[in-house]
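Read through the structure below, which is laid out as structure tokens, and then see the notes.
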Amino acid sequence: MPEGEGQGVTTTTPNAARAGLPRGIWVLGFVSMLMDVSSEMIHALLPVYLVTVLGASTLTVGFIEGIAEATASITKIFSGALSDWLGRRKLLAALGYGLAALTKPLFPLAPSVGWLIAARFIDRVGKGIRGAPRDALIADIAPAGLRGASFGLRQSLDTIGAFVGPLVAIGLMWWTADNFALVFWVAVLPAFLSFGLIAFAVSEPEPDPSRETTKNPLNTSAMRQLGSVYWRVVAVGVVFTLARFSEAFLILRAQNIGLSAMWVPAVLVLMNVVYALSAYPAGVLSDRINRTGLLALGLVFLAAADLALGVVLWGLHMGLTQGLLSALVADAAPPNLRGTAFGYFNLFTGLALLAASVIAGALWDAYGPAGTFLAGLGFALVALAGLLAVGNGLATEDK
């Protein structure tokens, strides 16, 4: 057991630190980055497009955002379990990226809210298929002492895509005088580049012959095998997600204070710049000190963001929490159940995001932006209290 593990501290070994991150981690990071460029070009404009062009309510926006992410999360449990059963991750990850690329043209072609819901739904199925196998593949490739750095790097590169996409959207909206459909068409290109990269540039490690195979990763025996530490990580992730509704409401808040449609994506740009700059350093730091302490600091930033409507603080919260939660899942899960572990984690946090986004939309319609963000503040404070109560119960021996 590496020094400090089991007491809430994870330490990077000197040999692992000198060796650096494997090539596969970098490639998977760029795969995520390109797909996020595509997705965020669309996502940055979609809430405003729904409300101002198609006449949808903010409750509808909250429902679409929540059901989209919940769909991805439900799919992840099956794709993650299938990757454990097959003992292979890349095939399913590539399939998911390919499906997402193929559905991108549906966004500019959609004539109504119903069509957009269908497009968002199918796109998120692709995300669900790829998510858990990709994260399990990262855990398989990453050295044990560099898990935080590995997930932090992927999150940082993914988030670079999340602010490059809105920047491109801003430029195209200015150039085309708010031509939403053209922006959605341009978003198709990086999606196909992402698929090509994972299909031809990612090598999956050979399965460990000593690793036990799992005949049915979704039965109750496998759930017990995941262990109590893992399920505590899931519980923490669920409460975190309840405290953080969809970023669509940051976009709507920007429009509410008077930003034009062309500049609304700048909100996501600023948030994601901060997110990208903080995620990798947070991951590296979490390999050396208590991950729980960094998660608590992230919740403090979220509470402050809800109180002050601060986009920068929201980005810091994301950077300090999202990669760390993935690293905690990888720490706790047995190697032969990593796909299933990420699947369950994303299932339960996705359902929490559905609840949080629908509640946020309903509060906005009933009480305005203040009601939504004050509710977020309350959830963040509850989550912080729960995390401090769990404390070192999220630590585990290295798998």
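FYI, nothing fancy with the structure tokens labels: chains A, B, ... in order, residues from 1 per chain, ligands from 1 as they appear.
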Contact residues around A:Arg147 with only C-alpha atoms at 12 Å, ignoring same-chain residues under 3 positions, as a PyMOL selection string: chain A and resi 10-13+16-17+20-22+25+135-144+150-154+280+282-288+291+323-332+398-399
Give me every alpha helix (DSSP H) residue in stretch 162-261 of chain A, going by DSSP on the backbone, as a PyMOL selection string. chain A and resi 162-175+180-186+188-201+220-225+228-242+248-256
Looking at A:Ile122, A:Val236, A:Val273, A:Ala279, which one is nearest to A:Leu320, with distances taken over only C-alpha atoms?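 Looking at the shortest contact to A:Leu320, the residue is A:Ala279.
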So that I can see what lies close to A:Gly361, please list as number ranges by chain the residues with an atom at most 9 Å from it, counting only C-alpha atoms and leaving out residues fewer than 3 positions away in the same chain. A: 57-63, 249, 356-358, 364-366, 372
Go ahead and write the residues just picked, C-alpha atoms, as a PDB file, in the first residue's frame.
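Listed below is the output, out09.pdb:
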```pdb
ATOM      1  CA  SER A  57     -40.067  27.618 -21.359  1.00  0.00           C
ATOM      2  CA  THR A  58     -37.158  27.510 -18.924  1.00  0.00           C
ATOM      3  CA  LEU A  59     -38.816  24.493 -17.285  1.00  0.00           C
ATOM      4  CA  THR A  60     -38.613  22.759 -20.681  1.00  0.00           C
ATOM      5  CA  VAL A  61     -34.918  23.685 -20.888  1.00  0.00           C
ATOM      6  CA  GLY A  62     -34.331  22.202 -17.443  1.00  0.00           C
ATOM      7  CA  PHE A  63     -36.215  19.039 -18.385  1.00  0.00           C
ATOM      8  CA  PHE A 249     -28.939  28.122 -16.107  1.00  0.00           C
ATOM      9  CA  ALA A 356     -31.504  19.155  -9.831  1.00  0.00           C
ATOM     10  CA  SER A 357     -32.115  20.588 -13.317  1.00  0.00           C
ATOM     11  CA  VAL A 358     -35.891  20.128 -13.210  1.00  0.00           C
ATOM     12  CA  TRP A 364     -36.751  29.865 -12.024  1.00  0.00           C
ATOM     13  CA  ASP A 365     -40.266  29.909 -13.488  1.00  0.00           C
ATOM     14  CA  ALA A 366     -41.810  30.422 -10.033  1.00  0.00           C
ATOM     15  CA  THR A 372     -32.729  28.825  -8.448  1.00  0.00           C
TER      16      THR A 372
END
```
Nearest residue to A:Phe195 from the set A:Ala243, A:Leu294, A:Val31, A:Val229 (distances using only C-alpha atoms): A:Val31
Write out as a VMD selection string which residues come within 12 Å of A:Val239 when counting only C-alpha atoms, dropping same-chain ones fewer than 3 positions away. chain A and resid 232 to 236 242 to 245 299 345 348 to 353 355 to 356 376 378 to 387
If you count only C-alpha atoms, which residues fall within 8 Å of A:Asp158, apart from same-chain ones fewer than 6 positions away, as JSON, numbers by chain? {"A": [29, 30, 32, 33, 34, 36, 276]}
